[in-house]
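Undergrad: File target28.tsv below, TSV, C-alpha atoms:
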```
chain	number	residue	atom	x	y	z
A	14	MET	CA	-17.24	14.29	48.90
A	15	PRO	CA	-19.06	13.40	45.72
A	16	VAL	CA	-21.62	10.67	45.63
A	17	GLY	CA	-19.93	7.28	45.61
A	18	SER	CA	-22.01	6.11	42.68
A	19	LYS	CA	-20.75	8.96	40.55
A	20	VAL	CA	-17.17	8.05	41.25
A	21	LYS	CA	-18.01	4.45	40.49
A	22	GLN	CA	-19.57	5.45	37.20
A	23	CYS	CA	-16.50	7.47	36.29
A	24	LEU	CA	-14.30	4.50	37.17
A	25	ALA	CA	-16.38	2.20	34.98
A	26	ASN	CA	-16.12	4.73	32.18
A	27	LEU	CA	-12.34	4.77	32.43
A	28	GLU	CA	-12.17	0.99	32.64
A	29	SER	CA	-14.16	0.64	29.44
A	30	ALA	CA	-11.92	3.26	27.81
A	31	GLN	CA	-8.92	1.15	28.77
A	32	ALA	CA	-10.54	-1.94	27.26
A	33	ASP	CA	-11.29	0.00	24.07
A	34	LEU	CA	-7.69	1.14	23.78
A	35	GLU	CA	-6.49	-2.43	24.24
A	36	SER	CA	-8.82	-3.70	21.54
A	37	PHE	CA	-7.75	-0.88	19.18
A	38	ALA	CA	-4.14	-1.95	19.74
A	39	LEU	CA	-5.06	-5.49	18.74
A	40	GLU	CA	-7.13	-4.46	15.73
A	41	THR	CA	-4.74	-2.12	13.98
A	42	ASN	CA	-2.03	-3.30	11.61
A	43	ASP	CA	-0.02	-0.15	11.89
A	44	GLN	CA	2.90	-0.64	14.26
A	45	ALA	CA	3.05	2.99	15.41
A	46	ALA	CA	-0.68	3.11	16.14
A	47	LYS	CA	-0.51	-0.28	17.89
A	48	GLN	CA	2.22	1.00	20.17
A	49	LEU	CA	0.42	4.26	20.90
A	50	TYR	CA	-2.84	2.52	21.80
A	51	ALA	CA	-1.05	-0.02	24.00
A	52	GLN	CA	0.85	2.73	25.82
A	53	CYS	CA	-2.31	4.76	26.33
A	54	ALA	CA	-4.12	1.68	27.67
A	55	GLN	CA	-1.28	1.17	30.17
A	56	GLN	CA	-1.45	4.80	31.23
A	57	VAL	CA	-5.20	4.67	31.78
A	58	LYS	CA	-4.75	1.46	33.73
A	59	GLY	CA	-2.20	3.16	35.95
A	60	ALA	CA	-4.48	6.18	36.39
A	61	ILE	CA	-7.52	4.22	37.55
A	62	GLU	CA	-5.67	2.19	40.17
A	63	PRO	CA	-5.79	4.93	42.86
A	64	LEU	CA	-9.38	5.66	41.85
A	65	LYS	CA	-10.31	2.04	42.55
A	66	GLN	CA	-8.79	2.32	45.99
A	67	ARG	CA	-10.77	5.49	46.54
A	68	VAL	CA	-13.98	3.67	45.63
A	69	ARG	CA	-13.12	0.90	48.11
A	70	GLN	CA	-12.49	3.54	50.74
A	71	ILE	CA	-15.87	5.19	50.09
A	72	GLU	CA	-17.58	1.83	50.34
A	73	HIS	CA	-15.81	1.16	53.60
A	74	GLU	CA	-16.71	4.55	55.09
A	75	GLU	CA	-20.25	4.55	53.85
A	76	PRO	CA	-21.44	0.99	53.44
A	77	GLN	CA	-24.86	2.09	52.20
A	78	TYR	CA	-23.32	2.82	48.77
A	79	ARG	CA	-21.86	-0.65	48.30
A	80	GLY	CA	-23.10	-2.41	45.23
A	81	TYR	CA	-24.16	0.68	43.31
B	20	MET	CA	28.23	10.21	-55.87
B	21	THR	CA	24.88	10.17	-54.16
B	22	PHE	CA	24.23	10.47	-50.44
B	23	TRP	CA	23.33	6.82	-50.11
B	24	GLN	CA	26.57	5.77	-51.82
B	25	GLU	CA	28.32	7.83	-49.15
B	26	VAL	CA	26.49	5.89	-46.47
B	27	PHE	CA	26.96	2.38	-47.79
B	28	TYR	CA	30.12	2.29	-49.90
B	29	SER	CA	33.77	3.10	-49.65
B	30	VAL	CA	34.31	6.83	-50.39
B	31	PRO	CA	37.27	9.19	-49.95
B	32	ALA	CA	35.34	11.63	-47.70
B	33	ILE	CA	32.09	11.43	-45.81
B	34	SER	CA	29.52	14.01	-44.67
B	35	PRO	CA	28.38	14.24	-41.01
B	36	ALA	CA	24.84	13.15	-41.95
B	37	ALA	CA	26.22	9.99	-43.50
B	38	VAL	CA	28.28	9.28	-40.36
B	39	ILE	CA	25.15	9.53	-38.25
B	40	LEU	CA	23.27	7.19	-40.56
B	41	ARG	CA	26.18	4.69	-40.54
B	42	GLY	CA	26.16	4.82	-36.74
B	43	LEU	CA	22.42	4.15	-36.57
B	44	PHE	CA	22.70	1.24	-39.01
B	45	THR	CA	25.52	-0.46	-37.13
B	46	TYR	CA	23.71	0.14	-33.84
B	47	VAL	CA	20.56	-1.62	-34.97
B	48	TRP	CA	22.60	-4.37	-36.61
B	49	LEU	CA	24.64	-4.99	-33.46
B	50	LEU	CA	21.52	-5.00	-31.30
B	51	ALA	CA	19.93	-7.65	-33.50
B	52	PHE	CA	22.96	-9.94	-33.43
B	53	VAL	CA	23.69	-9.52	-29.75
B	54	ARG	CA	20.09	-10.56	-29.04
B	55	LEU	CA	20.52	-13.50	-31.38
B	56	MET	CA	23.65	-14.65	-29.53
B	57	GLY	CA	21.74	-14.98	-26.31
B	58	GLN	CA	20.98	-13.37	-22.99
B	59	ARG	CA	24.29	-13.82	-21.22
B	60	GLU	CA	25.36	-10.81	-19.22
B	61	LEU	CA	28.67	-9.11	-19.69
B	62	GLY	CA	29.82	-9.97	-16.19
B	63	ARG	CA	29.24	-13.64	-16.77
B	64	LEU	CA	31.05	-14.09	-20.07
B	65	THR	CA	33.61	-16.76	-20.74
B	66	VAL	CA	36.94	-15.45	-21.91
B	67	PHE	CA	36.03	-16.31	-25.46
B	68	ASP	CA	32.66	-14.51	-25.18
B	69	GLY	CA	34.67	-11.45	-24.24
B	70	VAL	CA	36.97	-11.84	-27.24
B	71	VAL	CA	34.00	-12.13	-29.59
B	72	ALA	CA	32.30	-9.11	-28.04
B	73	ILE	CA	35.39	-6.93	-28.40
B	74	THR	CA	36.05	-8.06	-31.97
B	75	VAL	CA	32.49	-7.46	-33.10
B	76	GLY	CA	32.51	-4.05	-31.43
B	77	THR	CA	35.72	-3.09	-33.17
B	78	ILE	CA	34.36	-4.15	-36.55
B	79	ALA	CA	31.22	-2.09	-35.91
B	80	ALA	CA	33.27	1.00	-35.03
B	81	PHE	CA	35.29	0.97	-38.26
B	82	PRO	CA	32.70	2.12	-40.82
B	83	VAL	CA	31.68	4.98	-38.55
B	84	THR	CA	35.17	6.36	-38.01
B	85	GLN	CA	36.75	5.56	-41.41
B	86	PRO	CA	35.10	6.94	-44.55
B	87	GLN	CA	37.20	4.77	-46.84
B	88	VAL	CA	35.66	1.63	-45.31
B	89	SER	CA	32.36	0.57	-46.79
B	90	LEU	CA	29.41	-0.05	-44.47
B	91	LEU	CA	28.21	-3.28	-46.03
B	92	MET	CA	31.39	-5.34	-45.53
B	93	PRO	CA	31.64	-4.73	-41.73
B	94	LEU	CA	27.95	-5.56	-41.37
B	95	LEU	CA	28.62	-8.89	-43.04
B	96	GLY	CA	31.65	-9.41	-40.83
B	97	ILE	CA	29.57	-8.82	-37.70
B	98	ALA	CA	26.99	-11.29	-38.94
B	99	ALA	CA	29.70	-13.88	-39.64
B	100	TRP	CA	31.30	-13.55	-36.18
B	101	SER	CA	27.96	-13.62	-34.41
B	102	LEU	CA	26.70	-16.66	-36.27
B	103	ALA	CA	30.00	-18.48	-35.74
B	104	HIS	CA	29.78	-17.77	-32.02
B	105	LEU	CA	26.16	-18.84	-31.93
B	106	GLY	CA	27.16	-22.04	-33.73
B	107	THR	CA	29.86	-22.69	-31.11
B	108	SER	CA	27.37	-22.31	-28.27
B	109	VAL	CA	24.76	-24.49	-29.95
B	110	ALA	CA	27.35	-27.15	-30.80
B	111	GLY	CA	28.38	-27.18	-27.14
B	112	ASN	CA	24.88	-28.28	-26.24
B	113	TYR	CA	25.25	-31.37	-28.42
B	114	TRP	CA	28.91	-32.30	-27.90
B	115	PRO	CA	30.19	-31.87	-24.32
B	116	ALA	CA	33.77	-32.36	-25.50
B	117	TRP	CA	33.40	-29.37	-27.80
B	118	ARG	CA	31.88	-27.36	-24.93
B	119	ARG	CA	34.96	-27.99	-22.81
B	120	VAL	CA	37.19	-26.77	-25.63
B	121	ALA	CA	35.09	-23.69	-26.41
B	122	ALA	CA	34.04	-22.58	-22.95
B	123	GLY	CA	36.66	-24.10	-20.70
B	124	GLU	CA	36.21	-26.32	-17.67
B	125	PRO	CA	35.88	-25.60	-13.99
B	126	VAL	CA	39.26	-25.93	-12.26
B	127	VAL	CA	39.50	-27.01	-8.63
B	128	LEU	CA	41.91	-24.69	-6.81
B	129	VAL	CA	41.45	-25.83	-3.20
B	130	LYS	CA	40.29	-29.25	-2.15
B	131	ASP	CA	39.66	-30.27	1.49
B	132	GLY	CA	41.56	-27.24	2.67
B	133	LYS	CA	44.62	-28.10	0.57
B	134	LEU	CA	45.91	-25.88	-2.21
B	135	LEU	CA	46.26	-27.49	-5.63
B	136	GLU	CA	49.31	-25.51	-6.72
B	137	GLU	CA	49.48	-27.01	-10.20
B	138	ASN	CA	45.93	-26.07	-11.05
B	139	LEU	CA	46.50	-22.62	-9.61
B	140	SER	CA	49.52	-21.94	-11.83
B	141	ALA	CA	47.87	-23.58	-14.84
B	142	SER	CA	45.01	-21.11	-14.45
B	143	ARG	CA	47.50	-18.21	-14.32
B	144	LEU	CA	46.21	-17.28	-10.91
B	145	THR	CA	48.45	-16.08	-8.10
B	146	MET	CA	47.99	-16.86	-4.41
B	147	ASP	CA	47.04	-13.22	-3.95
B	148	ASP	CA	44.19	-13.54	-6.44
B	149	LEU	CA	42.89	-16.60	-4.66
B	150	MET	CA	43.20	-15.16	-1.15
B	151	SER	CA	41.53	-11.94	-2.25
B	152	GLU	CA	38.57	-13.92	-3.55
B	153	LEU	CA	38.41	-16.03	-0.36
B	154	ARG	CA	38.42	-12.92	1.81
B	155	LEU	CA	35.62	-11.43	-0.25
B	156	ARG	CA	33.58	-14.55	0.50
B	157	GLY	CA	34.31	-14.23	4.22
B	158	VAL	CA	36.56	-17.29	4.43
B	159	PRO	CA	40.02	-15.89	5.11
B	160	ARG	CA	41.48	-19.15	6.46
B	161	LEU	CA	42.40	-21.83	3.96
B	162	GLN	CA	41.65	-24.54	6.51
B	163	ASP	CA	37.97	-23.49	6.52
B	164	VAL	CA	37.69	-24.06	2.77
B	165	GLU	CA	36.24	-27.33	1.60
B	166	PHE	CA	36.39	-26.44	-2.09
B	167	ALA	CA	37.38	-23.48	-4.18
B	168	VAL	CA	36.67	-23.77	-7.87
B	169	LEU	CA	37.59	-21.49	-10.73
B	170	GLU	CA	34.47	-21.42	-12.87
B	171	PRO	CA	34.58	-21.23	-16.68
B	172	ARG	CA	33.17	-17.71	-16.54
B	173	GLY	CA	36.15	-16.54	-14.51
B	174	ARG	CA	34.64	-16.41	-11.02
B	175	ILE	CA	35.80	-18.43	-8.06
B	176	SER	CA	33.21	-20.31	-6.07
B	177	VAL	CA	34.05	-21.10	-2.43
B	178	PHE	CA	32.50	-23.72	-0.18
B	179	ARG	CA	33.12	-23.73	3.56
B	180	ARG	CA	33.69	-26.91	5.45
B	181	ALA	CA	30.50	-28.27	6.96
B	182	GLU	CA	31.63	-27.41	10.53
B	183	THR	CA	32.06	-23.75	9.73
B	184	GLN	CA	28.94	-23.30	7.67
B	185	PRO	CA	26.33	-21.06	9.24
B	186	ALA	CA	23.44	-22.98	10.77
B	187	SER	CA	20.31	-23.10	8.67
B	188	ARG	CA	16.73	-23.23	9.94
B	189	ALA	CA	16.76	-26.97	9.21
B	190	ASP	CA	19.88	-27.45	11.39
B	191	LEU	CA	18.16	-25.69	14.25
B	192	LYS	CA	14.90	-27.53	13.57
B	193	LEU	CA	13.11	-24.22	13.34
B	194	PRO	CA	9.83	-24.05	11.48
B	195	ALA	CA	10.19	-22.48	8.06
B	196	GLU	CA	7.27	-20.86	6.34
B	197	HIS	CA	7.23	-21.03	2.59
B	198	THR	CA	6.96	-17.42	1.50
B	199	GLY	CA	7.43	-18.07	-2.20
B	200	LEU	CA	8.56	-15.43	-4.62
B	201	PRO	CA	6.93	-12.14	-3.65
B	202	THR	CA	5.10	-10.41	-6.48
B	203	PHE	CA	3.70	-6.95	-6.95
B	204	VAL	CA	-0.10	-6.91	-6.94
B	205	ILE	CA	-0.36	-3.12	-7.18
B	206	LEU	CA	2.09	-0.95	-9.05
B	207	ASP	CA	1.75	2.78	-9.76
B	208	GLY	CA	-1.82	2.86	-8.49
B	209	ARG	CA	-3.06	0.00	-10.65
B	210	ILE	CA	-3.93	-3.56	-9.68
B	211	LEU	CA	-1.89	-6.13	-11.60
B	212	TYR	CA	-4.68	-8.64	-12.15
B	213	ASP	CA	-2.44	-11.34	-13.63
B	214	ASN	CA	-0.16	-11.37	-10.59
B	215	LEU	CA	-3.11	-11.20	-8.22
B	216	LYS	CA	-4.69	-14.20	-9.94
B	217	ASP	CA	-1.45	-16.18	-9.76
B	218	SER	CA	-1.14	-15.40	-6.04
B	219	GLY	CA	-4.48	-17.08	-5.39
B	220	PHE	CA	-5.94	-14.11	-3.53
B	221	SER	CA	-9.03	-12.28	-4.70
B	222	GLU	CA	-9.48	-8.64	-5.50
B	223	ALA	CA	-12.04	-8.36	-2.72
B	224	TRP	CA	-9.45	-9.69	-0.28
B	225	LEU	CA	-6.89	-7.15	-1.48
B	226	LYS	CA	-9.36	-4.26	-1.21
B	227	ASP	CA	-10.28	-5.37	2.30
B	228	ARG	CA	-6.61	-5.41	3.29
B	229	LEU	CA	-6.20	-1.90	1.87
B	230	ARG	CA	-9.25	-0.71	3.79
B	231	ARG	CA	-7.68	-1.98	6.97
B	232	GLU	CA	-4.63	0.14	6.15
B	233	ASN	CA	-7.03	3.09	5.80
B	234	ILE	CA	-6.63	3.20	2.02
B	235	LYS	CA	-9.85	3.81	0.13
B	236	ASP	CA	-8.54	3.96	-3.42
B	237	VAL	CA	-5.99	1.76	-5.19
B	238	ARG	CA	-4.64	4.91	-6.80
B	239	GLU	CA	-3.18	5.97	-3.43
B	240	VAL	CA	-0.78	3.03	-3.60
B	241	LYS	CA	2.60	3.19	-5.30
B	242	ALA	CA	3.39	-0.48	-4.78
B	243	ALA	CA	1.94	-3.44	-2.93
B	244	GLN	CA	4.00	-6.60	-2.66
B	245	LEU	CA	2.46	-9.92	-1.72
B	246	ASP	CA	4.16	-13.18	-0.79
B	247	ALA	CA	2.73	-16.71	-0.86
B	248	ALA	CA	2.02	-16.59	2.88
B	249	GLY	CA	-0.39	-13.70	2.30
B	250	SER	CA	1.78	-11.05	3.90
B	251	LEU	CA	1.14	-7.74	2.16
B	252	TYR	CA	3.52	-4.81	2.09
B	253	VAL	CA	1.93	-1.53	1.05
B	254	ASP	CA	3.73	1.66	0.10
B	255	ARG	CA	1.59	4.67	-0.67
B	256	TYR	CA	2.44	7.82	-2.55
B	257	ASP	CA	1.76	9.99	0.47
B	258	ASP	CA	3.99	8.62	3.21
B	259	ASP	CA	3.08	11.45	5.60
B	260	LEU	CA	-0.53	10.42	6.13
B	261	PRO	CA	-1.37	9.79	9.78
B	262	ALA	CA	-1.39	6.21	10.91
B	263	PRO	CA	-4.67	4.37	10.41
B	264	ARG	CA	-6.78	4.48	13.53
B	265	SER	CA	-9.94	3.04	14.85
B	266	ARG	CA	-13.26	4.50	13.76
B	267	ARG	CA	-14.32	4.35	17.39
B	268	GLU	CA	-11.46	6.53	18.55
B	269	PRO	CA	-13.36	9.88	18.57
B	270	ALA	CA	-16.05	8.38	20.80
B	271	LEU	CA	-13.35	7.09	23.13
B	272	VAL	CA	-11.70	10.50	23.26
B	273	ALA	CA	-15.05	12.06	24.14
B	274	ARG	CA	-15.54	9.58	26.98
B	275	LEU	CA	-12.06	10.27	28.32
B	276	LYS	CA	-12.69	14.01	28.18
B	277	ARG	CA	-15.86	13.60	30.20
B	278	ALA	CA	-14.07	11.43	32.73
B	279	ALA	CA	-11.34	14.07	33.12
B	280	ALA	CA	-13.95	16.78	33.68
B	281	GLU	CA	-15.82	14.65	36.21
B	282	LEU	CA	-12.64	13.89	38.12
B	283	GLN	CA	-11.86	17.59	38.22
B	284	GLN	CA	-15.33	18.21	39.64
B	285	PHE	CA	-14.87	15.48	42.28
B	286	ALA	CA	-11.61	17.10	43.32
B	287	LEU	CA	-13.39	20.44	43.80
B	288	ASP	CA	-16.31	18.91	45.67
B	289	THR	CA	-14.42	16.77	48.16
B	290	GLN	CA	-13.22	17.97	51.56
B	291	ASP	CA	-10.85	15.05	51.97
B	292	GLN	CA	-7.27	16.10	51.10
B	293	GLY	CA	-6.16	12.56	50.16
B	294	ALA	CA	-9.20	12.07	47.93
B	295	ARG	CA	-8.62	15.42	46.24
B	296	LYS	CA	-5.06	14.39	45.43
B	297	THR	CA	-6.24	11.10	43.99
B	298	TYR	CA	-8.83	12.78	41.77
B	299	THR	CA	-6.43	15.46	40.57
B	300	ALA	CA	-3.71	12.96	39.80
B	301	THR	CA	-6.09	10.69	37.92
B	302	ALA	CA	-7.51	13.63	35.97
B	303	ARG	CA	-4.00	14.69	35.00
B	304	GLN	CA	-3.16	11.19	33.78
B	305	VAL	CA	-6.34	11.04	31.72
B	306	ARG	CA	-5.54	14.42	30.18
B	307	ASP	CA	-2.04	13.10	29.37
B	308	VAL	CA	-3.60	10.23	27.44
B	309	LEU	CA	-5.94	12.68	25.70
B	310	GLU	CA	-3.01	14.82	24.63
B	311	ARG	CA	-1.39	11.79	23.03
B	312	LEU	CA	-4.55	10.69	21.25
B	313	GLU	CA	-5.97	14.02	20.16
B	314	PRO	CA	-3.33	15.17	17.64
B	315	ARG	CA	-4.25	12.09	15.66
B	316	LEU	CA	-7.77	13.38	15.26
B	317	GLU	CA	-6.80	16.64	13.64
B	318	THR	CA	-7.36	15.38	10.12
B	319	PRO	CA	-10.17	15.95	7.61
B	320	GLU	CA	-11.57	12.58	8.57
B	321	GLN	CA	-12.64	13.96	11.91
B	322	THR	CA	-15.81	15.23	10.33
B	323	ALA	CA	-16.51	12.06	8.39
B	324	ALA	CA	-20.01	10.69	8.71
B	325	GLY	CA	-20.61	7.96	11.23
B	326	TRP	CA	-18.23	9.38	13.78
B	327	LEU	CA	-19.74	10.27	17.06
B	328	ASP	CA	-19.84	13.99	17.66
B	329	PRO	CA	-18.78	14.45	21.31
B	330	THR	CA	-21.03	17.49	21.78
B	331	VAL	CA	-24.13	15.43	20.98
B	332	GLU	CA	-23.49	13.24	23.98
B	333	GLN	CA	-22.86	16.23	26.23
B	334	LYS	CA	-26.06	17.95	25.08
B	335	ARG	CA	-28.08	14.82	25.65
B	336	GLU	CA	-26.69	14.56	29.15
B	337	GLN	CA	-27.38	18.20	29.94
B	338	GLY	CA	-30.91	17.75	28.70
B	339	ALA	CA	-31.40	14.74	30.96
B	340	GLN	CA	-30.07	16.63	33.95
B	341	SER	CA	-32.28	19.65	33.46
B	342	ALA	CA	-35.30	17.41	32.97
B	343	GLU	CA	-34.47	15.70	36.26
B	344	ARG	CA	-34.10	19.00	37.98
B	345	TRP	CA	-37.52	20.19	36.91
B	346	VAL	CA	-39.45	17.25	38.31
B	347	PRO	CA	-41.54	18.98	40.98
B	348	GLY	CA	-40.85	17.93	44.52
B	349	ASP	CA	-38.00	15.73	43.54
B	350	ARG	CA	-35.26	18.30	43.44
B	351	PRO	CA	-35.21	19.40	47.09
B	352	ARG	CA	-35.10	15.83	48.30
B	353	ARG	CA	-32.25	14.93	45.99
B	354	HIS	CA	-30.49	18.10	46.93
B	355	ARG	CA	-30.71	17.38	50.64
B	356	GLY	CA	-29.59	13.87	50.05
B	357	GLY	CA	-26.58	15.10	48.13
B	358	ARG	CA	-25.60	17.40	50.94
B	359	LYS	CA	-25.94	14.73	53.55
B	360	ARG	CA	-23.71	12.35	51.63
B	361	GLY	CA	-21.16	15.08	50.96
B	362	GLY	CA	-18.24	16.09	53.13
```
Starting from the coordinates I provided, produce the structure as structure tokens.
TA:
Amino acid sequence: MPVGSKVKQCLANLESAQADLESFALETNDQAAKQLYAQCAQQVKGAIEPLKQRVRQIEHEEPQYRGY
Amino acid sequence: MTFWQEVFYSVPAISPAAVILRGLFTYVWLLAFVRLMGQRELGRLTVFDGVVAITVGTIAAFPVTQPQVSLLMPLLGIAAWSLAHLGTSVAGNYWPAWRRVAAGEPVVLVKDGKLLEENLSASRLTMDDLMSELRLRGVPRLQDVEFAVLEPRGRISVFRRAETQPASRADLKLPAEHTGLPTFVILDGRILYDNLKDSGFSEAWLKDRLRRENIKDVREVKAAQLDAAGSLYVDRYDDDLPAPRSRREPALVARLKRAAAELQQFALDTQDQGARKTYTATARQVRDVLERLEPRLETPEQTAAGWLDPTVEQKREQGAQSAERWVPGDRPRRHRGGRKRGG
């Protein structure tokens, strides 16, 4: 099992990517681009949900990594 | 008999060159007098306008087709008819009674849903004519008609009864934004400064709006239409250009790529079956997103300055890792630690 902090870092990375996609969707005036960004943001959001659970599980199993 | 006599006067026979010249003369003459008579369109003529138009046209055709007719007399005739007609129109502005005689009056055909048969027959209109017009206006039932009026220019105007009129924004108490008359501010790649000034928006504002649409040069734009509310429609020459995208998109794509690679690594490292599934599934989803985003980057702009080169970040990271690894004494401890946490 990889180090919990690494997984956490990866999760944070993906969360910030999702936020970026959402802000791109808001910034653009092009309808097609807006839709694409919004859909991608949704997809990333869906993808990180299980990862979040995994992080919670790691924290539960190995409490010493909590709060990394 | 000289050539010019052939053109202007009555002669027994006429050469083709003279016919062409006669045609050009009458054309210019007609154009001048039609302009003088006013701007009314053919479709909106009164019956008498039509009569004048046909008569003048016939007079103009004579000298071109008949050599024995002189050119000068028809030109005078055209001038006389045109001026007389102009006089009639001008007189109508001063004496309403004369206007009614010359141009005719509106005739009410239907009033409060009831046919006025006398007016209908006096206007030489049949029921079929009226019903055809009503159907064209989308009011097939006489009972829905408040008014139908035969206008002097020959068209029939139809008014629905208030109950059957479509609801307006005011009826529904909906807010209505005044959009004004939209004007072109860019046409054929050039800014129309007069229109832009009238619209109250500045050139800087327009250029900023274009930048946001990823347009760097006005010459890329075929037409840009602006309404009073500031809504700008832009059509460019090249409609196939990729959609404008964020300047930060390449950096985002790089981050997503790294995340996908990391997830793949986690999946390889873990012993836990459930965790492996989670990592693989997440990695796949991230790659899905990448596949949707990446085709948009395959344009010349990818190499534009100011865009983050993904390899730079990777190199920096690799450098940091190797530096870490070469700290004496540190590596074994970290390595042991890693092993202990693993599995």
Undergrad: Using all atoms listed in the file, select each residue of chain A with any atom at most 8 Å away from an atom of chain B, and give the selection as number ranges by chain.
TA: A: 14-16, 20, 23, 26-27, 30, 33, 37, 41-43, 45-46, 53, 56-57, 60-61, 63-64, 67
Undergrad: List as number ranges by chain the protein and nucleic acid residues near Ala38 of chain A, meaning an atom at most 7 Å away when only C-alpha atoms are counted, but skip any in the same chain fewer than 2 places from it.
TA: A: 34-36, 40-41, 47, 50-51
Undergrad: What does the distance from atom CA of Glu25 of chain B to atom CA of Ala51 of chain B come to in Å, to one decimal?
TA: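 Pair atom CA of Glu25 of chain B / atom CA of Ala51 of chain B returns 23.6 Å.
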Undergrad: Suppose you want the space between atom CA of Lys21 of chain A and atom CA of Gln70 of chain A; what is it in Å?
TA: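 Calculated distance between atom CA of Lys21 of chain A and atom CA of Gln70 of chain A is 11.7 Å.
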Undergrad: In Å, how far is it from atom CA of Arg160 of chain B to atom CA of Lys133 of chain B?
TA: 11.2 Å
Undergrad: Can you tell me which residues surround segment 119-122 of chain B at a distance of at most 10 Å, considering only C-alpha atoms, apart from same-chain residues fewer than 2 positions away, and format the answer as an MDAnalysis selection string?
TA: chainID B and resid 64:68 104 107:108 110:111 114:117 124:125 171:172
Undergrad: Give me segment 81-86 of chain B from this structure - all heavy atoms, as an mmCIF file, in the first residue's frame.
TA:
```cif
data_model
loop_
_atom_site.group_PDB
_atom_site.id
_atom_site.type_symbol
_atom_site.label_atom_id
_atom_site.label_comp_id
_atom_site.auth_asym_id
_atom_site.auth_seq_id
_atom_site.Cartn_x
_atom_site.Cartn_y
_atom_site.Cartn_z
ATOM 1 N N PHE B 81 -40.899 52.703 -76.216
ATOM 2 C CA PHE B 81 -41.199 53.026 -77.627
ATOM 3 C C PHE B 81 -39.982 53.443 -78.437
ATOM 4 O O PHE B 81 -39.708 52.839 -79.471
ATOM 5 C CB PHE B 81 -42.287 54.112 -77.713
ATOM 6 C CG PHE B 81 -43.624 53.519 -78.021
ATOM 7 C CD1 PHE B 81 -44.664 53.581 -77.112
ATOM 8 C CD2 PHE B 81 -43.842 52.880 -79.260
ATOM 9 C CE1 PHE B 81 -45.891 53.025 -77.404
ATOM 10 C CE2 PHE B 81 -45.071 52.333 -79.544
ATOM 11 C CZ PHE B 81 -46.093 52.397 -78.606
ATOM 12 N N PRO B 82 -39.233 54.471 -78.022
ATOM 13 C CA PRO B 82 -38.129 54.929 -78.875
ATOM 14 C C PRO B 82 -37.061 53.866 -79.097
ATOM 15 O O PRO B 82 -36.317 53.945 -80.069
ATOM 16 C CB PRO B 82 -37.559 56.123 -78.107
ATOM 17 C CG PRO B 82 -38.049 55.972 -76.720
ATOM 18 C CD PRO B 82 -39.333 55.261 -76.798
ATOM 19 N N VAL B 83 -36.992 52.872 -78.217
ATOM 20 C CA VAL B 83 -35.973 51.842 -78.392
ATOM 21 C C VAL B 83 -36.418 50.824 -79.429
ATOM 22 O O VAL B 83 -35.621 50.336 -80.227
ATOM 23 C CB VAL B 83 -35.677 51.146 -77.046
ATOM 24 C CG1 VAL B 83 -34.597 50.089 -77.196
ATOM 25 C CG2 VAL B 83 -35.253 52.171 -76.000
ATOM 26 N N THR B 84 -37.721 50.524 -79.452
ATOM 27 C CA THR B 84 -38.191 49.471 -80.356
ATOM 28 C C THR B 84 -38.633 50.024 -81.711
ATOM 29 O O THR B 84 -38.660 49.284 -82.681
ATOM 30 C CB THR B 84 -39.363 48.718 -79.727
ATOM 31 O OG1 THR B 84 -40.352 49.672 -79.318
ATOM 32 C CG2 THR B 84 -38.914 47.924 -78.515
ATOM 33 N N GLN B 85 -39.021 51.301 -81.779
ATOM 34 C CA GLN B 85 -39.565 51.866 -83.014
ATOM 35 C C GLN B 85 -38.636 52.951 -83.565
ATOM 36 O O GLN B 85 -38.519 54.008 -82.965
ATOM 37 C CB GLN B 85 -40.941 52.499 -82.755
ATOM 38 C CG GLN B 85 -41.877 51.630 -81.934
ATOM 39 C CD GLN B 85 -42.539 50.556 -82.783
ATOM 40 O OE1 GLN B 85 -42.920 50.808 -83.930
ATOM 41 N NE2 GLN B 85 -42.662 49.362 -82.235
ATOM 42 N N PRO B 86 -37.994 52.714 -84.684
ATOM 43 C CA PRO B 86 -37.085 53.731 -85.226
ATOM 44 C C PRO B 86 -37.819 55.006 -85.662
ATOM 45 O O PRO B 86 -37.255 56.082 -85.619
ATOM 46 C CB PRO B 86 -36.444 53.024 -86.423
ATOM 47 C CG PRO B 86 -37.334 51.889 -86.731
ATOM 48 C CD PRO B 86 -38.010 51.483 -85.455
#
```
